[in-house]
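Asks: Pasting start_22.csv here (CSV, C-alpha atoms and all ligand atoms):
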```
chain,number,residue,atom,x,y,z
A,24,MET,CA,-12.9,-13.2,0.7
A,25,ASP,CA,-13.2,-12.0,4.4
A,26,TRP,CA,-15.5,-9.0,4.9
A,27,GLY,CA,-12.8,-6.7,6.3
A,28,LEU,CA,-10.4,-7.5,3.5
A,29,LYS,CA,-13.1,-6.9,0.9
A,30,ASN,CA,-14.1,-3.6,2.6
A,31,ARG,CA,-10.5,-2.4,2.5
A,32,LEU,CA,-10.0,-3.4,-1.1
A,33,SER,CA,-13.3,-1.6,-2.0
A,34,ARG,CA,-11.8,1.7,-0.6
A,35,ILE,CA,-9.0,1.4,-3.1
A,36,ILE,CA,-10.7,0.0,-6.2
A,37,ARG,CA,-13.8,2.2,-6.4
A,38,PRO,CA,-17.4,1.0,-7.2
A,39,ASP,CA,-16.8,1.4,-10.9
A,40,GLY,CA,-14.0,-1.2,-10.6
A,41,ARG,CA,-11.3,1.5,-11.2
A,42,THR,CA,-8.6,3.2,-9.2
A,43,VAL,CA,-6.1,6.0,-9.5
A,44,MET,CA,-3.3,5.2,-7.0
A,45,LEU,CA,-0.5,7.7,-6.5
A,46,ALA,CA,2.8,6.0,-6.1
A,47,VAL,CA,5.3,7.9,-3.9
A,48,ASP,CA,7.4,5.0,-2.6
A,49,HIS,CA,10.3,5.5,-4.9
A,50,GLY,CA,12.7,6.7,-2.2
A,51,TYR,CA,12.7,3.3,-0.5
A,52,PHE,CA,15.4,2.2,-2.9
A,53,LEU,CA,16.1,5.3,-5.0
A,54,GLY,CA,16.6,7.9,-2.3
A,55,PRO,CA,15.5,11.5,-2.9
A,56,THR,CA,13.8,11.0,-6.3
A,57,THR,CA,13.1,14.1,-8.4
A,58,GLY,CA,9.8,15.6,-7.5
A,59,LEU,CA,9.7,13.9,-4.1
A,60,GLU,CA,12.6,15.7,-2.4
A,61,ASP,CA,10.0,17.6,-0.4
A,62,ALA,CA,7.6,14.6,0.0
A,63,LYS,CA,5.1,16.5,2.2
A,64,GLY,CA,4.9,19.4,-0.2
A,65,THR,CA,4.4,17.1,-3.2
A,66,ILE,CA,1.9,14.7,-1.6
A,67,GLY,CA,-0.4,17.2,0.1
A,68,PRO,CA,-2.0,18.9,-2.9
A,69,LEU,CA,-2.3,15.6,-4.8
A,70,LEU,CA,-4.0,13.6,-2.0
A,71,PRO,CA,-7.6,14.8,-2.6
A,72,TYR,CA,-7.4,13.5,-6.2
A,73,ALA,CA,-5.9,10.1,-5.5
A,74,ASP,CA,-8.1,7.0,-4.8
A,75,ALA,CA,-5.2,5.6,-2.8
A,76,LEU,CA,-1.6,6.6,-1.8
A,77,MET,CA,1.3,4.2,-2.0
A,78,PRO,CA,4.1,5.4,0.3
A,79,ALA,CA,6.7,3.7,2.6
A,80,ARG,CA,6.1,4.0,6.3
A,81,GLY,CA,8.7,6.7,7.0
A,82,ILE,CA,7.0,8.9,4.5
A,83,VAL,CA,3.6,8.2,6.0
A,84,ARG,CA,4.7,9.3,9.5
A,85,THR,CA,6.7,12.4,8.3
A,86,SER,CA,4.9,13.6,5.3
A,87,VAL,CA,1.2,12.6,5.1
A,88,ASP,CA,-1.5,14.4,7.0
A,89,ALA,CA,-3.0,12.0,9.5
A,90,SER,CA,-6.5,13.5,8.9
A,91,THR,CA,-6.6,12.2,5.3
A,92,ASP,CA,-9.4,10.1,4.0
A,93,THR,CA,-7.3,8.7,1.2
A,94,PRO,CA,-6.6,5.0,1.8
A,95,LEU,CA,-2.9,3.9,2.2
A,96,VAL,CA,-1.3,1.1,0.3
A,97,LEU,CA,1.8,0.7,2.4
A,98,ARG,CA,5.1,-0.4,0.8
A,99,VAL,CA,6.3,-3.2,3.1
A,100,SER,CA,9.3,-4.6,1.1
A,101,GLY,CA,12.8,-3.2,0.8
A,102,GLY,CA,16.3,-3.7,2.1
A,103,ASN,CA,17.8,-3.1,-1.4
A,104,SER,CA,19.0,0.1,-3.1
A,105,ILE,CA,19.8,1.3,-6.6
A,106,LEU,CA,23.5,0.6,-5.8
A,107,GLY,CA,22.9,-3.1,-5.1
A,108,GLU,CA,21.1,-6.1,-6.4
A,109,LEU,CA,17.5,-4.9,-6.8
A,110,SER,CA,15.9,-8.2,-6.1
A,111,ASP,CA,17.5,-8.5,-2.7
A,112,GLU,CA,14.4,-7.5,-0.8
A,113,GLY,CA,12.8,-8.7,2.4
A,114,ILE,CA,9.7,-7.6,4.3
A,115,THR,CA,10.4,-4.4,6.2
A,116,VAL,CA,7.2,-3.7,8.2
A,117,ALA,CA,5.4,-5.8,10.7
A,118,MET,CA,1.7,-6.3,10.0
A,119,GLU,CA,1.0,-4.8,13.5
A,120,ASP,CA,2.7,-1.6,12.5
A,121,ALA,CA,0.8,-1.5,9.2
A,122,MET,CA,-2.4,-1.9,11.2
A,123,ARG,CA,-1.3,1.0,13.5
A,124,LEU,CA,-1.0,3.1,10.3
A,125,ASN,CA,-4.5,2.1,9.4
A,126,VAL,CA,-3.5,0.9,6.0
A,127,SER,CA,-6.0,-0.4,3.4
A,128,ALA,CA,-3.5,-2.7,1.8
A,129,VAL,CA,0.2,-3.6,1.8
A,130,ALA,CA,2.5,-3.8,-1.2
A,131,LEU,CA,5.6,-5.7,-1.9
A,132,SER,CA,7.8,-6.4,-5.0
A,133,ILE,CA,8.4,-9.8,-6.6
A,134,TYR,CA,11.3,-10.3,-8.9
A,135,VAL,CA,10.6,-13.2,-11.3
A,136,GLY,CA,13.7,-14.4,-13.1
A,137,ALA,CA,16.0,-12.4,-10.9
A,138,PRO,CA,18.6,-13.8,-8.4
A,139,ASN,CA,16.3,-13.6,-5.4
A,140,GLN,CA,13.2,-14.9,-7.2
A,141,LYS,CA,12.4,-17.5,-4.6
A,142,GLU,CA,12.9,-15.3,-1.6
A,143,THR,CA,10.6,-12.6,-3.0
A,144,LEU,CA,7.9,-15.1,-4.0
A,145,LEU,CA,8.0,-16.6,-0.5
A,146,ASN,CA,7.8,-13.1,1.0
A,147,LEU,CA,4.6,-12.6,-1.0
A,148,SER,CA,3.2,-15.9,0.2
A,149,ARG,CA,4.0,-15.1,3.9
A,150,LEU,CA,2.5,-11.6,3.5
A,151,VAL,CA,-0.7,-13.1,2.0
A,152,ASP,CA,-1.0,-15.4,5.0
A,153,GLU,CA,-0.6,-12.5,7.4
A,154,GLY,CA,-2.9,-10.3,5.3
A,155,HIS,CA,-5.7,-13.0,5.7
A,156,ARG,CA,-5.0,-13.1,9.4
A,157,TYR,CA,-5.7,-9.4,9.7
A,158,GLY,CA,-8.0,-8.7,6.8
A,159,ILE,CA,-5.4,-6.7,4.8
A,160,PRO,CA,-5.2,-7.1,1.0
A,161,VAL,CA,-1.8,-7.5,-0.6
A,162,LEU,CA,-0.6,-5.8,-3.8
A,163,ALA,CA,2.1,-7.6,-5.6
A,164,VAL,CA,4.4,-5.3,-7.7
A,165,THR,CA,5.9,-7.2,-10.6
A,166,ALA,CA,9.3,-5.4,-10.4
A,167,VAL,CA,11.6,-5.9,-13.3
A,168,GLY,CA,15.2,-6.8,-12.8
A,169,LYS,CA,17.8,-4.8,-14.7
A,170,ASP,CA,18.2,-7.3,-17.6
A,171,MET,CA,14.6,-8.5,-18.0
A,172,ALA,CA,12.4,-7.7,-21.0
A,173,ARG,CA,9.1,-6.0,-20.2
A,174,ASP,CA,7.1,-8.0,-22.8
A,175,ALA,CA,3.7,-9.6,-22.5
A,176,ARG,CA,5.1,-13.2,-22.1
A,177,TYR,CA,7.2,-12.2,-19.2
A,178,LEU,CA,4.8,-9.8,-17.5
A,179,ALA,CA,1.9,-12.3,-17.9
A,180,LEU,CA,4.2,-14.9,-16.2
A,181,CYS,CA,4.9,-12.5,-13.2
A,182,CYS,CA,1.2,-11.4,-12.8
A,183,ARG,CA,-0.1,-14.9,-12.9
A,184,ILE,CA,2.4,-16.2,-10.4
A,185,ALA,CA,1.5,-13.3,-8.1
A,186,ALA,CA,-2.2,-14.1,-8.4
A,187,GLU,CA,-1.6,-17.9,-7.9
A,188,LEU,CA,0.4,-17.2,-4.7
A,189,GLY,CA,-2.6,-15.2,-3.4
A,190,ALA,CA,-2.0,-11.5,-4.2
A,191,HIS,CA,-5.3,-9.7,-4.1
A,192,PHE,CA,-4.3,-7.2,-6.8
A,193,VAL,CA,-1.3,-6.8,-9.0
A,194,LYS,CA,0.7,-4.0,-10.4
A,195,THR,CA,2.7,-4.3,-13.7
A,196,TYR,CA,4.0,-2.3,-16.6
A,197,TYR,CA,2.2,-1.6,-19.9
A,198,CYS,CA,3.5,-3.6,-22.9
A,199,GLU,CA,2.5,-4.6,-26.4
A,200,GLY,CA,-0.2,-7.4,-26.0
A,201,PHE,CA,-1.2,-6.0,-22.5
A,202,GLU,CA,-4.7,-7.5,-22.9
A,203,LYS,CA,-3.1,-11.0,-22.7
A,204,VAL,CA,-1.5,-10.0,-19.4
A,205,VAL,CA,-4.8,-8.8,-18.1
A,206,LYS,CA,-6.8,-11.7,-19.3
A,207,THR,CA,-4.6,-14.3,-17.8
A,208,CYS,CA,-4.5,-12.6,-14.4
A,209,PRO,CA,-7.5,-13.5,-12.3
A,210,VAL,CA,-7.2,-10.5,-9.9
A,211,PRO,CA,-7.4,-6.8,-10.7
A,212,LEU,CA,-4.4,-5.4,-12.4
A,213,VAL,CA,-3.1,-1.8,-12.1
A,214,MET,CA,-0.6,-0.3,-14.5
A,215,ALA,CA,2.7,1.2,-13.2
A,216,GLY,CA,3.5,4.5,-15.0
A,217,GLY,CA,7.3,4.1,-15.4
A,218,LYS,CA,9.7,6.8,-16.4
A,219,LYS,CA,8.5,10.4,-17.1
A,220,LEU,CA,7.0,10.8,-20.5
A,221,PRO,CA,5.6,14.0,-22.2
A,222,GLU,CA,2.1,14.5,-20.6
A,223,LEU,CA,0.1,13.6,-23.7
A,224,ASP,CA,2.1,10.3,-24.1
A,225,ALA,CA,1.4,9.4,-20.4
A,226,LEU,CA,-2.3,10.0,-20.9
A,227,GLU,CA,-2.3,7.8,-24.0
A,228,LEU,CA,-0.5,5.1,-22.0
A,229,THR,CA,-3.2,5.4,-19.3
A,230,HIS,CA,-6.0,5.2,-21.9
A,231,ASN,CA,-4.4,2.2,-23.6
A,232,ALA,CA,-4.1,0.3,-20.3
A,233,ILE,CA,-7.7,1.0,-19.3
A,234,GLN,CA,-9.0,0.1,-22.8
A,235,ARG,CA,-7.2,-3.2,-22.5
A,236,GLY,CA,-8.7,-4.1,-19.2
A,237,ALA,CA,-6.5,-2.5,-16.4
A,238,ALA,CA,-8.4,-1.6,-13.2
A,239,GLY,CA,-6.5,1.6,-13.1
A,240,VAL,CA,-3.0,3.0,-12.5
A,241,ASP,CA,-0.5,3.1,-9.8
A,242,MET,CA,1.4,6.1,-11.2
A,243,GLY,CA,4.2,8.1,-9.7
A,244,ARG,CA,6.7,10.0,-11.9
A,245,ASN,CA,4.3,10.8,-14.7
A,246,ILE,CA,2.2,12.6,-12.1
A,247,PHE,CA,4.5,14.2,-9.6
A,248,GLN,CA,7.2,15.1,-12.2
A,249,ALA,CA,4.6,16.7,-14.6
A,250,GLU,CA,4.9,20.4,-15.1
A,251,ASP,CA,1.6,20.7,-13.2
A,252,PRO,CA,1.1,17.6,-11.0
A,253,VAL,CA,-2.3,18.5,-9.7
A,254,ALA,CA,-3.6,19.1,-13.2
A,255,MET,CA,-2.0,15.9,-14.3
A,256,ILE,CA,-3.6,13.7,-11.7
A,257,GLN,CA,-7.0,15.1,-12.6
A,258,ALA,CA,-6.4,14.4,-16.3
A,259,VAL,CA,-5.4,10.8,-15.4
A,260,ASN,CA,-8.5,10.5,-13.2
A,261,ALA,CA,-10.8,11.6,-16.1
A,262,ILE,CA,-9.5,8.8,-18.2
A,263,VAL,CA,-9.7,6.1,-15.5
A,264,HIS,CA,-13.1,7.0,-14.1
A,265,LYS,CA,-14.8,8.9,-16.9
A,266,ASN,CA,-13.4,7.1,-20.0
A,267,VAL,CA,-12.4,10.4,-21.7
A,268,THR,CA,-10.1,10.2,-24.6
A,269,PRO,CA,-6.4,11.1,-24.2
A,270,LYS,CA,-7.0,14.2,-26.3
A,271,LYS,CA,-9.8,15.4,-24.0
A,272,ALA,CA,-7.8,14.6,-20.9
A,273,TYR,CA,-4.8,16.6,-22.3
A,274,GLU,CA,-7.1,19.6,-23.0
A,275,LEU,CA,-8.3,19.3,-19.4
A,276,TYR,CA,-4.7,19.2,-18.2
A,277,LYS,CA,-3.8,22.3,-20.2
A,278,GLY,CA,-7.0,24.1,-19.1
A,279,LEU,CA,-6.3,23.5,-15.4
A,280,LYS,CA,-2.7,24.5,-15.8
A,281,ARG,CA,-3.7,27.8,-17.5
A,282,GLN,CA,-6.2,28.5,-14.7
A,283,LYS,CA,-3.6,28.1,-12.1
A,284,LYS,CA,-1.1,30.4,-14.0
A,285,GLY,CA,-3.9,32.9,-14.3
A,286,ALA,CA,-4.8,32.8,-10.6
A,287,LYS,CA,-1.1,33.2,-9.7
A,288,ARG,CA,-0.8,36.4,-11.9
A,289,ARG,CA,-3.9,37.9,-10.3
B,301,LIG,C1,8.7,0.9,-7.9
B,301,LIG,O1,9.0,-0.2,-7.5
B,301,LIG,C2,7.7,1.6,-7.1
B,301,LIG,O2,6.8,0.7,-6.6
B,301,LIG,C3,6.9,2.7,-7.9
B,301,LIG,O3,5.9,3.0,-7.1
B,301,LIG,C4,6.4,2.3,-9.2
B,301,LIG,O4,7.5,2.2,-10.1
B,301,LIG,C5,5.4,3.3,-9.8
B,301,LIG,O5,5.9,4.5,-10.0
B,301,LIG,P1,6.2,5.1,-11.5
B,301,LIG,O6,4.8,5.4,-12.1
B,301,LIG,O7,7.0,6.3,-11.2
B,301,LIG,O8,6.9,4.0,-12.2
```
What's the structure tokens form of this structure?
Ligand code: R5P
Replies:
Amino acid sequence: MDWGLKNRLSRIIRPDGRTVMLAVDHGYFLGPTTGLEDAKGTIGPLLPYADALMPARGIVRTSVDASTDTPLVLRVSGGNSILGELSDEGITVAMEDAMRLNVSAVALSIYVGAPNQKETLLNLSRLVDEGHRYGIPVLAVTAVGKDMARDARYLALCCRIAAELGAHFVKTYYCEGFEKVVKTCPVPLVMAGGKKLPELDALELTHNAIQRGAAGVDMGRNIFQAEDPVAMIQAVNAIVHKNVTPKKAYELYKGLKRQKKGAKRR
């Protein structure tokens, strides 16, 4: 692997082999997602606790402090919306503009088994070629079409295809038999959080994924839609980097939340 590419990847996946990525790219096909209506207000307080931030470029330029040290994993696929065919995606950002934004990686979705499977897989291949030209790693997001089952057989298929086409790391959902998905994927795999769960359940999900070999999480709604997002990202971080139990992480969450309430009252 080229030195520059390796260096960028090492800013995202920390020396312990783990990462807490904060996903805030939902608006690129969902519009003003709950919790991200005021993207700047949501992202600012969370940034110091994230190993990497995953936004689309419009949000970088309007809502992310340019003095941040947090590496960016830029969403560079889109062209679809929740009102249309989800798999109908193309590449939306030129690599030159990604470089201008000083990104540490680029991310795009692949839709295996969906109507535009071939297009999205060829997009990945093209992006990997460009990534190698400029030393930029590529994250493949195994997006799931509306009718696809999120089981180990299907997710392992998606992750392996992504890695075979050259993705440097892969993002996928947790499922029963997740260890099989991890074991058959030769590049680091981060878990997507999915829909908002009660905080303890989200921490258990994080713990399960890490125990079964994930390199970390790329989590959005379970952080920024939590009652206290800043406390939640710290609890997730404690599981990912310090291997604490979900119960301990939940206690940390509740403690940090109480402290904040106390400070507000004073
Ligand atoms: C979906 O395609 C987006 O890439 C989101 O970033 C991803 O779903 C992760 O966010 P969440 O944890 O909210 O599912």
Asks: Under the rule that all atoms listed in the file are counted, which of A:Ala163, A:Ala172, A:Ile36, A:Ala179 is the nearest residue to Ala137 in chain A?
Replies: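 For Ala137 in chain A, the nearest of the given residues is A:Ala172.
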Asks: I need the residue nearest Lys29 in chain A from this list: A:Gly239, A:Ile159, A:Ala89, A:Phe201. Use all atoms listed in the file for the distance.
Replies: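 Among the listed residues, A:Ile159 lies closest to Lys29 in chain A.
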Asks: Hey, can you check how far CA of Lys219 in chain A sits from atom C5 of ligand LIG 301 (chain B)?
Replies: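 The value is 10.6 Å.
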Asks: Residues contacting ligand LIG 301 (chain B) - anything with an atom at most 10 Å away, using all atoms listed in the file - can you give me those as number ranges by chain?
Replies: A: 44-53, 56, 76-79, 98, 100-101, 109, 130-133, 163-167, 194-196, 214-219, 225, 240-248
Asks: Would you compute the distance between CA of Val116 in chain A and CA of Pro71 in chain A? Give it in Å to one decimal.
Replies: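 Between these atoms lies a distance of 26.0 Å.
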Asks: Reconstruct N, CA and C atoms of range 33-47 of chain A; output as a CSV table (one decimal), keeping the file's coordinate frame.
Replies:
```csv
chain,number,residue,atom,x,y,z
A,33,SER,N,-12.2,-2.4,-1.4
A,33,SER,CA,-13.3,-1.6,-2.0
A,33,SER,C,-13.0,-0.1,-1.8
A,34,ARG,N,-12.2,0.3,-0.8
A,34,ARG,CA,-11.8,1.7,-0.6
A,34,ARG,C,-10.8,2.1,-1.6
A,35,ILE,N,-10.0,1.1,-2.1
A,35,ILE,CA,-9.0,1.4,-3.1
A,35,ILE,C,-9.5,1.3,-4.5
A,36,ILE,N,-10.1,0.2,-4.9
A,36,ILE,CA,-10.7,0.0,-6.2
A,36,ILE,C,-12.2,0.4,-6.0
A,37,ARG,N,-12.6,1.5,-6.6
A,37,ARG,CA,-13.8,2.2,-6.4
A,37,ARG,C,-15.0,1.4,-7.0
A,38,PRO,N,-16.3,1.8,-6.7
A,38,PRO,CA,-17.4,1.0,-7.2
A,38,PRO,C,-17.4,0.8,-8.7
A,39,ASP,N,-16.8,1.7,-9.4
A,39,ASP,CA,-16.8,1.4,-10.9
A,39,ASP,C,-15.7,0.4,-11.3
A,40,GLY,N,-15.0,-0.2,-10.3
A,40,GLY,CA,-14.0,-1.2,-10.6
A,40,GLY,C,-12.7,-0.5,-11.0
A,41,ARG,N,-12.5,0.7,-10.8
A,41,ARG,CA,-11.3,1.5,-11.2
A,41,ARG,C,-10.6,2.2,-10.0
A,42,THR,N,-9.3,2.5,-10.2
A,42,THR,CA,-8.6,3.2,-9.2
A,42,THR,C,-7.5,4.1,-9.8
A,43,VAL,N,-7.3,5.2,-9.2
A,43,VAL,CA,-6.1,6.0,-9.5
A,43,VAL,C,-5.2,6.0,-8.2
A,44,MET,N,-4.2,5.2,-8.2
A,44,MET,CA,-3.3,5.2,-7.0
A,44,MET,C,-2.1,6.1,-7.3
A,45,LEU,N,-1.7,6.8,-6.3
A,45,LEU,CA,-0.5,7.7,-6.5
A,45,LEU,C,0.7,7.0,-5.8
A,46,ALA,N,1.7,6.6,-6.6
A,46,ALA,CA,2.8,6.0,-6.1
A,46,ALA,C,3.9,7.0,-5.7
A,47,VAL,N,4.3,7.0,-4.4
A,47,VAL,CA,5.3,7.9,-3.9
A,47,VAL,C,6.3,7.1,-3.1
```
